[in-house]
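The next block is protein_35.txt, given as compact mmCIF, C-alpha atoms.
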```txt
# COMPACT_ATOMS: atom_id res chain seq x y z
CA MET A 12 118.91 153.28 115.26
CA LYS A 13 118.14 149.97 116.99
CA LYS A 14 114.51 150.26 115.94
CA ILE A 15 115.53 150.82 112.33
CA VAL A 16 117.85 147.77 112.38
CA ALA A 17 115.07 145.67 113.95
CA LYS A 18 112.63 146.79 111.26
CA VAL A 19 115.14 145.93 108.53
CA HIS A 20 115.69 142.46 110.05
CA GLN A 21 111.94 141.94 110.32
CA PHE A 22 111.38 142.99 106.71
CA THR A 23 114.25 140.75 105.54
CA ASP A 24 112.91 137.76 107.47
CA GLN A 25 109.41 138.26 106.08
CA TRP A 26 110.74 138.60 102.54
CA LEU A 27 112.84 135.44 102.89
CA ASP A 28 109.91 133.50 104.38
CA ARG A 29 107.77 134.43 101.39
CA ALA A 30 110.56 133.60 98.96
CA ILE A 31 111.13 130.09 100.34
CA GLY A 32 107.49 129.36 101.18
CA ALA A 33 107.90 129.28 104.96
CA GLU A 34 104.54 128.74 106.67
CA GLU A 35 103.15 127.18 109.81
CA PRO A 36 102.00 123.58 109.25
CA LYS A 37 98.29 123.05 108.60
CA LEU A 38 96.61 120.62 111.01
CA TYR A 39 93.63 118.45 110.12
CA PHE A 40 92.13 116.58 113.06
CA LYS A 41 89.00 116.09 115.14
CA GLN A 42 88.57 119.02 117.51
CA HIS A 43 88.46 118.43 121.26
CA GLY A 44 89.93 114.97 120.81
CA PHE A 45 93.14 113.05 121.32
CA PHE A 46 95.31 115.27 119.11
CA ASP A 47 94.26 118.57 120.72
CA GLU A 48 96.45 117.97 123.75
CA LEU A 49 99.15 116.13 121.82
CA PHE A 50 99.70 118.96 119.34
CA ASN A 51 100.26 121.35 122.24
CA SER A 52 103.24 119.19 123.19
CA LEU A 53 104.86 119.42 119.75
CA PRO A 54 106.58 122.83 119.49
CA GLN A 55 107.51 122.25 115.83
CA LEU A 56 103.86 122.66 114.91
CA LYS A 57 103.63 126.09 116.54
CA ARG A 58 106.23 127.72 114.30
CA LYS A 59 106.88 128.00 110.61
CA TYR A 60 108.56 125.19 108.75
CA LYS A 61 111.35 127.00 106.92
CA PRO A 62 112.82 124.81 104.19
CA THR A 63 116.49 125.09 103.36
CA PRO A 64 116.56 128.25 101.16
CA TRP A 65 118.43 126.67 98.27
CA LEU A 66 116.06 123.67 98.36
CA ALA A 67 112.80 125.62 98.04
CA ASN A 68 112.31 124.08 94.60
CA SER A 69 110.62 120.70 95.06
CA HIS A 70 112.64 118.96 92.33
CA LEU A 71 115.97 120.16 93.69
CA HIS A 72 114.77 119.16 97.17
CA ILE A 73 113.97 115.60 96.09
CA PHE A 74 117.28 115.31 94.20
CA TYR A 75 119.14 116.35 97.34
CA PHE A 76 117.16 113.84 99.43
CA ASP A 77 117.48 110.95 97.01
CA VAL A 78 121.01 111.40 95.68
CA VAL A 79 123.11 113.70 97.86
CA LYS A 80 121.91 113.32 101.45
CA LYS A 81 121.76 109.53 101.45
CA LYS A 82 125.43 109.32 100.50
CA ASN A 83 126.45 111.63 103.35
CA HIS A 84 124.85 109.58 106.12
CA GLN A 85 126.78 106.67 107.51
CA ILE A 86 125.45 104.07 109.91
CA GLU A 87 126.57 100.57 110.75
CA TYR A 88 123.72 98.11 111.07
CA ASP A 89 124.30 95.60 113.85
CA VAL A 90 123.11 92.85 111.52
CA ILE A 91 120.82 92.38 108.54
CA GLU A 92 118.90 89.27 109.55
CA GLN A 93 117.23 87.26 106.80
CA LEU A 94 113.88 85.69 107.66
CA THR A 95 112.09 82.84 105.89
CA MET A 96 108.37 83.45 105.64
CA SER A 97 105.76 80.72 106.07
CA ASP A 98 105.50 80.24 102.28
CA GLY A 99 109.28 80.02 101.86
CA GLY A 100 109.80 83.59 100.71
CA VAL A 101 112.64 85.68 102.15
CA THR A 102 112.44 89.06 103.91
CA ALA A 103 114.89 90.70 106.32
CA ILE A 104 115.24 92.98 109.33
CA ALA A 105 118.11 95.46 109.53
CA TRP A 106 118.84 96.14 113.19
CA VAL A 107 120.40 99.03 115.07
CA GLY A 108 120.60 98.94 118.88
CA LEU A 109 120.58 95.22 119.56
CA ASP A 110 122.73 95.83 122.62
CA LEU A 111 120.22 98.20 124.26
CA PRO A 112 118.31 97.06 127.37
CA GLU A 113 115.53 94.56 126.67
CA ASN A 114 112.75 97.00 127.57
CA THR A 115 114.00 99.78 125.25
CA PRO A 116 111.26 100.69 122.74
CA THR A 117 111.72 99.59 119.14
CA ILE A 118 110.87 101.71 116.10
CA VAL A 119 109.81 99.59 113.14
CA ILE A 120 110.54 101.32 109.82
CA LEU A 121 108.80 100.36 106.57
CA HIS A 122 110.78 101.57 103.58
CA THR A 123 110.02 103.25 100.27
CA LEU A 124 109.04 101.79 96.88
CA THR A 125 112.56 100.66 95.97
CA GLY A 126 114.02 101.06 99.46
CA SER A 127 116.90 99.19 101.07
CA PRO A 128 119.00 99.39 104.24
CA GLU A 129 121.36 101.71 102.35
CA SER A 130 118.66 104.07 101.11
CA MET A 131 117.02 104.36 104.55
CA VAL A 132 120.16 105.25 106.51
CA GLU A 133 119.18 108.87 107.15
CA MET A 134 115.85 108.02 108.80
CA VAL A 135 117.42 105.11 110.71
CA HIS A 136 120.26 107.34 111.91
CA ASP A 137 118.03 110.24 112.92
CA LEU A 138 115.36 108.25 114.76
CA HIS A 139 117.98 106.24 116.62
CA GLN A 140 119.86 109.39 117.59
CA TYR A 141 116.80 111.46 118.56
CA THR A 142 115.16 108.74 120.66
CA GLY A 143 117.98 106.46 121.76
CA TRP A 144 115.69 103.55 120.86
CA ARG A 145 116.25 100.35 118.93
CA ILE A 146 115.53 100.39 115.18
CA ALA A 147 114.16 97.48 113.16
CA LEU A 148 114.02 98.23 109.43
CA CYS A 149 111.71 95.65 107.85
CA VAL A 150 112.97 94.80 104.37
CA ARG A 151 110.42 93.50 101.86
CA ARG A 152 110.77 90.61 99.41
CA GLY A 153 113.02 91.31 96.46
CA HIS A 154 114.65 94.34 98.08
CA ALA A 155 118.33 94.66 99.02
CA ASN A 156 119.24 91.73 96.72
CA LEU A 157 117.38 89.23 98.89
CA PRO A 158 117.03 85.79 97.26
CA MET A 159 113.75 85.36 95.35
CA THR A 160 112.94 81.86 96.60
CA VAL A 161 109.23 82.37 95.88
CA PRO A 162 108.30 84.39 92.77
CA LYS A 163 106.24 87.06 94.49
CA ILE A 164 106.64 90.79 95.10
CA ASN A 165 104.28 93.58 96.12
CA LEU A 166 104.96 97.26 95.48
CA PHE A 167 103.58 98.12 98.91
CA GLY A 168 104.62 94.97 100.74
CA SER A 169 102.65 92.09 102.20
CA PRO A 170 100.68 92.58 105.45
CA ASP A 171 101.15 88.86 106.13
CA ASP A 172 104.93 89.21 105.82
CA LEU A 173 104.85 92.19 108.14
CA LYS A 174 102.88 90.20 110.72
CA GLU A 175 105.62 87.55 110.67
CA GLN A 176 108.36 90.17 110.93
CA LEU A 177 106.65 91.81 113.91
CA ALA A 178 106.19 88.43 115.58
CA HIS A 179 109.93 87.84 115.17
CA ILE A 180 110.73 91.25 116.67
CA GLN A 181 108.46 90.52 119.63
CA GLN A 182 110.03 87.12 120.10
CA ARG A 183 113.48 88.66 120.30
CA PHE A 184 112.41 91.57 122.52
CA PRO A 185 109.18 90.66 124.33
CA GLU A 186 109.54 93.56 126.79
CA SER A 187 109.95 96.22 124.07
CA ASP A 188 107.10 98.54 123.10
CA LEU A 189 106.77 98.88 119.34
CA TYR A 190 106.24 102.05 117.30
CA ALA A 191 106.07 102.13 113.50
CA VAL A 192 106.76 104.57 110.69
CA GLY A 193 106.11 104.07 106.99
CA SER A 194 107.92 106.15 104.38
CA SER A 195 106.20 106.80 101.02
CA ALA A 196 105.13 103.37 99.70
CA GLY A 197 105.84 101.97 103.17
CA THR A 198 102.85 103.96 104.42
CA GLY A 199 100.58 101.79 102.28
CA LEU A 200 101.81 98.67 104.04
CA LEU A 201 101.67 100.31 107.46
CA VAL A 202 98.09 101.54 107.12
CA ARG A 203 96.86 98.35 105.46
CA TYR A 204 98.37 96.24 108.24
CA LEU A 205 96.92 98.45 110.99
CA GLY A 206 93.49 98.30 109.39
CA ASP A 207 93.64 94.54 108.82
CA VAL A 208 94.50 93.68 112.42
CA GLY A 209 92.56 96.46 114.16
CA LYS A 210 93.03 96.31 117.90
CA ASN A 211 95.19 93.18 117.65
CA THR A 212 98.49 94.93 117.04
CA PRO A 213 101.55 95.38 119.23
CA ILE A 214 102.13 98.81 117.64
CA LYS A 215 101.53 101.61 120.16
CA ALA A 216 101.53 104.52 117.69
CA ALA A 217 102.27 105.00 113.99
CA PHE A 218 103.50 107.71 111.63
CA ALA A 219 102.87 107.85 107.86
CA LEU A 220 105.38 110.01 105.96
CA CYS A 221 104.19 111.20 102.55
CA PRO A 222 101.46 108.64 101.83
CA GLY A 223 99.66 108.40 98.49
CA TYR A 224 96.37 107.36 100.15
CA ASN A 225 94.41 105.41 97.52
CA THR A 226 96.75 103.03 95.69
CA GLU A 227 94.28 102.65 92.81
CA THR A 228 94.47 106.33 91.91
CA GLY A 229 97.56 107.80 93.60
CA PHE A 230 100.06 106.86 90.90
CA LYS A 231 98.09 108.88 88.33
CA ASN A 232 99.23 112.08 90.04
CA VAL A 233 102.95 111.27 90.13
CA HIS A 234 105.00 113.75 88.10
CA PRO A 235 105.66 112.09 84.68
CA PHE A 236 109.45 112.30 85.06
CA TYR A 237 109.50 110.46 88.40
CA SER A 238 106.87 108.00 87.25
CA LYS A 239 109.00 106.97 84.29
CA ILE A 240 112.21 106.78 86.34
CA MET A 241 110.62 104.63 89.06
CA VAL A 242 109.20 102.15 86.55
CA LYS A 243 112.70 101.74 85.16
CA LYS A 244 114.03 101.16 88.69
CA LEU A 245 111.33 98.59 89.43
CA CYS A 246 112.25 96.59 86.32
CA GLN A 247 115.97 96.83 87.07
CA ARG A 248 115.63 95.72 90.68
CA PHE A 249 112.73 93.28 90.78
CA ILE A 250 112.44 91.75 87.33
CA GLU A 251 115.80 91.63 85.54
CA PRO A 252 117.88 90.19 88.46
CA TYR A 253 115.26 87.48 89.11
CA SER A 254 114.40 86.55 85.52
CA LYS A 255 114.77 82.83 86.27
CA ALA A 256 112.31 83.04 89.16
CA TRP A 257 109.46 84.55 87.17
CA ARG A 258 107.41 81.84 85.44
CA GLU A 259 104.65 84.08 84.05
CA GLU A 260 106.53 85.17 80.94
CA GLU A 261 103.48 86.78 79.35
CA THR A 262 102.88 88.82 82.52
CA ILE A 263 106.52 89.95 82.55
CA LYS A 264 106.25 91.12 78.93
CA VAL A 265 103.17 93.19 79.77
CA VAL A 266 104.71 94.64 82.92
CA THR A 267 107.98 95.64 81.27
CA ARG A 268 106.04 97.53 78.60
CA ALA A 269 104.48 99.82 81.22
CA LYS A 270 105.43 103.43 80.57
CA ASN A 271 104.50 104.83 83.99
CA LEU A 272 103.68 103.77 87.54
CA ALA A 273 99.91 103.84 87.02
CA GLU A 274 100.25 101.37 84.13
CA PHE A 275 102.71 99.19 86.07
CA GLU A 276 100.45 99.00 89.12
CA LYS A 277 97.46 97.95 87.00
CA VAL A 278 99.16 94.99 85.28
CA TYR A 279 101.66 93.47 87.73
CA TYR A 280 99.09 91.86 90.09
CA ARG A 281 100.04 88.27 89.11
CA MET A 282 103.56 88.98 90.35
CA ALA A 283 101.96 89.85 93.71
CA GLY A 284 100.14 86.49 93.78
CA PHE A 285 96.65 87.53 92.61
CA HIS A 286 94.52 86.37 89.68
CA ASP A 287 93.04 89.77 88.85
CA TYR A 288 93.50 93.44 89.66
CA GLU A 289 90.32 93.74 91.72
CA SER A 290 91.29 91.01 94.21
CA TYR A 291 94.81 92.44 94.41
CA SER A 292 93.54 95.93 95.19
CA LYS A 293 90.93 94.75 97.71
CA ALA A 294 93.69 92.94 99.61
CA THR A 295 96.31 95.69 99.34
CA ASN A 296 94.75 99.16 99.14
CA PRO A 297 94.96 100.85 102.57
CA ILE A 298 92.02 103.13 101.89
CA TYR A 299 89.53 100.27 102.43
CA VAL A 300 90.56 99.66 106.05
CA LEU A 301 90.99 103.17 107.47
CA ASP A 302 87.93 102.77 109.67
CA ASN A 303 89.46 99.79 111.46
CA ILE A 304 92.63 101.55 112.67
CA HIS A 305 92.64 101.96 116.45
CA VAL A 306 96.14 103.20 117.34
CA PRO A 307 97.16 106.88 117.10
CA LEU A 308 98.22 107.58 113.52
CA LEU A 309 99.89 110.84 112.48
CA ILE A 310 100.24 111.62 108.76
CA LEU A 311 102.54 114.18 107.11
CA ASN A 312 102.33 115.44 103.52
CA ALA A 313 104.02 118.30 101.68
CA GLU A 314 101.86 120.40 99.39
CA ASP A 315 104.65 120.55 96.78
CA ASP A 316 105.30 116.77 96.71
CA PRO A 317 105.79 115.75 93.05
CA VAL A 318 105.49 112.02 93.84
CA CYS A 319 102.68 111.60 96.39
CA HIS A 320 100.67 114.60 95.23
CA ILE A 321 98.59 116.58 97.71
CA LYS A 322 95.58 115.95 95.42
CA ASN A 323 95.54 112.41 96.78
CA PHE A 324 94.59 113.76 100.21
CA GLU A 325 91.64 115.88 99.08
CA PRO A 326 88.97 113.14 98.77
CA TYR A 327 89.62 111.99 102.34
CA LYS A 328 90.21 115.33 104.06
CA ASP A 329 86.76 115.61 105.65
CA ALA A 330 86.47 111.94 106.63
CA LEU A 331 89.87 111.86 108.30
CA GLN A 332 88.99 114.88 110.42
CA GLN A 333 86.14 112.87 111.94
CA LYS A 334 88.47 110.21 113.31
CA SER A 335 89.65 110.81 116.86
CA ASN A 336 92.84 108.73 116.49
CA ILE A 337 94.06 110.02 113.09
CA ALA A 338 95.48 113.44 112.22
CA VAL A 339 97.07 114.90 109.11
CA ILE A 340 99.74 117.61 108.93
CA THR A 341 100.60 119.40 105.69
CA THR A 342 103.39 121.86 104.96
CA LYS A 343 103.63 124.21 102.00
CA LYS A 344 107.12 122.95 101.16
CA GLY A 345 109.09 119.76 101.87
CA SER A 346 108.90 117.86 98.58
CA HIS A 347 108.84 114.06 98.84
CA CYS A 348 110.10 112.75 102.20
CA GLY A 349 112.76 115.48 102.40
CA PHE A 350 111.53 118.31 104.64
CA TYR A 351 115.03 119.73 105.05
CA GLU A 352 115.70 122.83 107.13
CA GLY A 353 118.89 124.74 107.93
CA THR A 354 121.00 126.68 105.47
CA PHE A 355 124.23 124.70 105.67
CA ASN A 356 123.84 121.94 108.24
CA THR A 357 120.68 120.53 106.72
CA LYS A 358 118.51 118.15 108.74
CA SER A 359 115.11 116.58 108.34
CA TRP A 360 112.30 118.49 110.03
CA ALA A 361 110.10 115.41 109.52
CA ASN A 362 112.42 112.97 111.29
CA GLN A 363 112.52 115.21 114.34
CA LEU A 364 108.72 115.37 114.34
CA ILE A 365 108.43 111.58 114.09
CA ALA A 366 110.80 111.08 117.01
CA ASP A 367 109.04 113.65 119.21
CA PHE A 368 105.62 112.17 118.40
CA PHE A 369 106.74 108.72 119.48
CA LYS A 370 108.41 109.99 122.65
CA ILE A 371 105.21 111.77 123.68
CA GLN A 372 103.29 108.51 123.20
CA ARG A 373 105.87 106.75 125.34
CA ASN A 374 105.44 109.25 128.16
```
Starting from the file, give its structure as structure tokens.
Amino acid sequence: MKKIVAKVHQFTDQWLDRAIGAEEPKLYFKQHGFFDELFNSLPQLKRKYKPTPWLANSHLHIFYFDVVKKKNHQIEYDVIEQLTMSDGGVTAIAWVGLDLPENTPTIVILHTLTGSPESMVEMVHDLHQYTGWRIALCVRRGHANLPMTVPKINLFGSPDDLKEQLAHIQQRFPESDLYAVGSSAGTGLLVRYLGDVGKNTPIKAAFALCPGYNTETGFKNVHPFYSKIMVKKLCQRFIEPYSKAWREEETIKVVTRAKNLAEFEKVYYRMAGFHDYESYSKATNPIYVLDNIHVPLLILNAEDDPVCHIKNFEPYKDALQQKSNIAVITTKKGSHCGFYEGTFNTKSWANQLIADFFKIQRN
């Protein structure tokens, strides 16, 4: 009888795994290199990622992540500190763990396309809880209702601004080791910064969650519904509230007529401080500086991501597997930045992986 019950359970588990798309993560990395040993220390990668059964649909998964889950997480930031950049522009750092010992590591988080301290609470909460480390969420210009003292924004953020933010973090906590994670659009800034500075970075290790890879082509693969919605959000958050700050009226007219993200990204370059699209892309696109990254960089994508489509990874799959310090993980399910598991008490599989990866680097 016990054997029959065991067989029934086994059959049920296998059926459910197929139904929800549960599979072991796929690993892309250089064999016999840095990540060989590291992956052996990450037990999550040795078992199937089983998405929350009622979130197996990628669109429902992203709705839950973007609308439901964010409202259920509560965290009190110690302070949201505004910083004035060298050109007079304003950014900010949202801190958690300011009272921790001086030598406690700090995780620098780079937020999403329209991110804010409120929208990033789940990642901030989880990484702080899982590691016990300090969190510094770097807020970009124009986000979180920051004053637009200089008419300039960048969809992916400014590497120069990030350098100044990191210098401020180091000044406050000179004994703290720094680790960094970029989420969605924040991965573009993270990778571009790491490639720009090469070995001259205080970052010990980095994690890119759901990157789009090439910023010149990645927006073309965004699902039309999300592309249209995000353009509307960009106009509502970065153009309409700061109408008095924008002097290039003709540029604003062109930008606000964009029907999708690919169109928006191609015409807004003057708002980012560039005279033409080519110079903007050469200074912003992370794909041009991949070869100059020297710190360990772990990348995670979901194969059902409707925003940062898995197609974006394909052109770089072979090249990335030749780099000893970069590895890519893909899962069959997970949608965009969600990666929820658990039937009722849902939690982010990705956030646990990020925390464990950083802790291994620390040890």
*Which residues come within 7 Å of Leu308 in chain A, counting all atoms listed in the file, excluding same-chain residues fewer than 2 positions away, as a ChimeraX atom specification?*
/A:216-218,306,310,336-338
_Please determine, counting all atoms listed in the file, which residue among A:Cys319, A:Leu124, A:Met241, A:Ala269 has the shortest atom-to-atom distance to Phe167 in chain A._
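Of all the options, A:Leu124 lies closest to Phe167 in chain A.
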*Rounded to one decimal in Å, what is the spacing between CA of Val318 in chain A and CA of His70 in chain A?*
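About the pair CA of Val318 in chain A and CA of His70 in chain A: they are 10.1 Å apart.
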*Compare A:Leu311, A:Val101, A:Tyr237, A:Asn114 by their minimum atom-to-atom distance to Ile73 in chain A, counting all atoms listed in the file, and give me the closest one.*
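Of the candidates, the smallest distance to Ile73 in chain A is held by A:Tyr237.
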*asked:* With distances taken over all atoms listed in the file, which residue among A:Ile321, A:Val265, A:Lys215, A:Gly100 lies nearest Asn374 in chain A?
replied: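 Checking each candidate against Asn374 in chain A, we get A:Lys215 as the closest.
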*Might you pull out every residue within 8 Å of Gly349 in chain A, with all atoms listed in the file counted and same-chain residues fewer than 6 positions away left off, and present them as an MDAnalysis selection string?*
chainID A and resid 72:73 76 359 361
*Out of A:Gly153, A:Pro235, A:Gly206, A:Pro185, which residue has the shortest atom-to-atom distance to Tyr253 in chain A when counting only C-alpha atoms?*
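Of A:Gly153, A:Pro235, A:Gly206, A:Pro185, the one nearest Tyr253 in chain A, counting only C-alpha atoms, is A:Gly153.
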*Which of A:Ser169, A:Ser187, A:Asn356, A:Ser130 sits closest to Leu109 in chain A [using only C-alpha atoms]*: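 Checking each candidate against Leu109 in chain A, we get A:Ser187 as the closest.
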*Skipping near chain neighbours, those fewer than 4 positions away, what residues fall within 8 Å of Asp207 in chain A using only C-alpha atoms, listed as a list in words?*
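So the residues in contact are Arg203, Val300 and Asn303 of chain A.
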_Nearest residue to Gln85 in chain A from the set A:Glu35, A:Asp137, A:Glu276, A:Glu261 (distances using only C-alpha atoms)_ =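 Going through A:Glu35, A:Asp137, A:Glu276, A:Glu261 one by one, the smallest distance to Gln85 in chain A is for A:Asp137.
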*By how many Å are CA of Asn232 in chain A and CA of Glu133 in chain A apart?*
26.5 Å
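Neighbouring residues of Leu111 in chain A at 12 Å or closer, counting all atoms listed in the file and skipping chain neighbours under 4 positions away, are Asp89, Trp106, Val107, Thr115, Pro116, Thr117, His139, Gly143, Trp144, Arg145, Ile146, Phe184, Glu186 and Ser187 of chain A.
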*Could you pull the residues within 8 Å of His320 in chain A, counting only C-alpha atoms, minus those fewer than 6 positions along the same chain, as a PyMOL selection string?*
chain A and resi 223+229+232-233+314
Each residue of range 26-126 of chain A lying at most 6 Å from range 191-196 of chain A should get a row with its shortest atom-to-atom pair and the distance in Å to one decimal, counting only C-alpha atoms; could you produce that, ordered by chain and increasing number, as JSON lines?
```
{"residue": "A:Ile118", "atom": "CA", "partner": "A:Ala191", "partner_atom": "CA", "distance": 5.5}
{"residue": "A:Val119", "atom": "CA", "partner": "A:Ala191", "partner_atom": "CA", "distance": 4.5}
{"residue": "A:Ile120", "atom": "CA", "partner": "A:Val192", "partner_atom": "CA", "distance": 5.1}
{"residue": "A:Leu121", "atom": "CA", "partner": "A:Gly193", "partner_atom": "CA", "distance": 4.6}
{"residue": "A:His122", "atom": "CA", "partner": "A:Ser194", "partner_atom": "CA", "distance": 5.5}
{"residue": "A:Thr123", "atom": "CA", "partner": "A:Ala196", "partner_atom": "CA", "distance": 4.9}
{"residue": "A:Leu124", "atom": "CA", "partner": "A:Ala196", "partner_atom": "CA", "distance": 5.1}
```
Expected file contents, prior selection, C-alpha atoms, as a PDB file, in the frame of the given file:
```pdb
ATOM      1  CA  ILE A 118     110.870 101.710 116.100  1.00  0.00           C
ATOM      2  CA  VAL A 119     109.810  99.590 113.140  1.00  0.00           C
ATOM      3  CA  ILE A 120     110.540 101.320 109.820  1.00  0.00           C
ATOM      4  CA  LEU A 121     108.800 100.360 106.570  1.00  0.00           C
ATOM      5  CA  HIS A 122     110.780 101.570 103.580  1.00  0.00           C
ATOM      6  CA  THR A 123     110.020 103.250 100.270  1.00  0.00           C
ATOM      7  CA  LEU A 124     109.040 101.790  96.880  1.00  0.00           C
TER       8      LEU A 124
END
```
*May I ask for the distance between CA of Cys246 in chain A and CA of Val278 in chain A, given in Å to one decimal place?*
13.2 Å
*Identify the residues within 10 Å of coordinate (121.3, 104.5, 106.4) (same frame as the file), considering only C-alpha atoms, and give the answer as a VMD selection string.*
chain A and resid 81 to 88 127 to 137
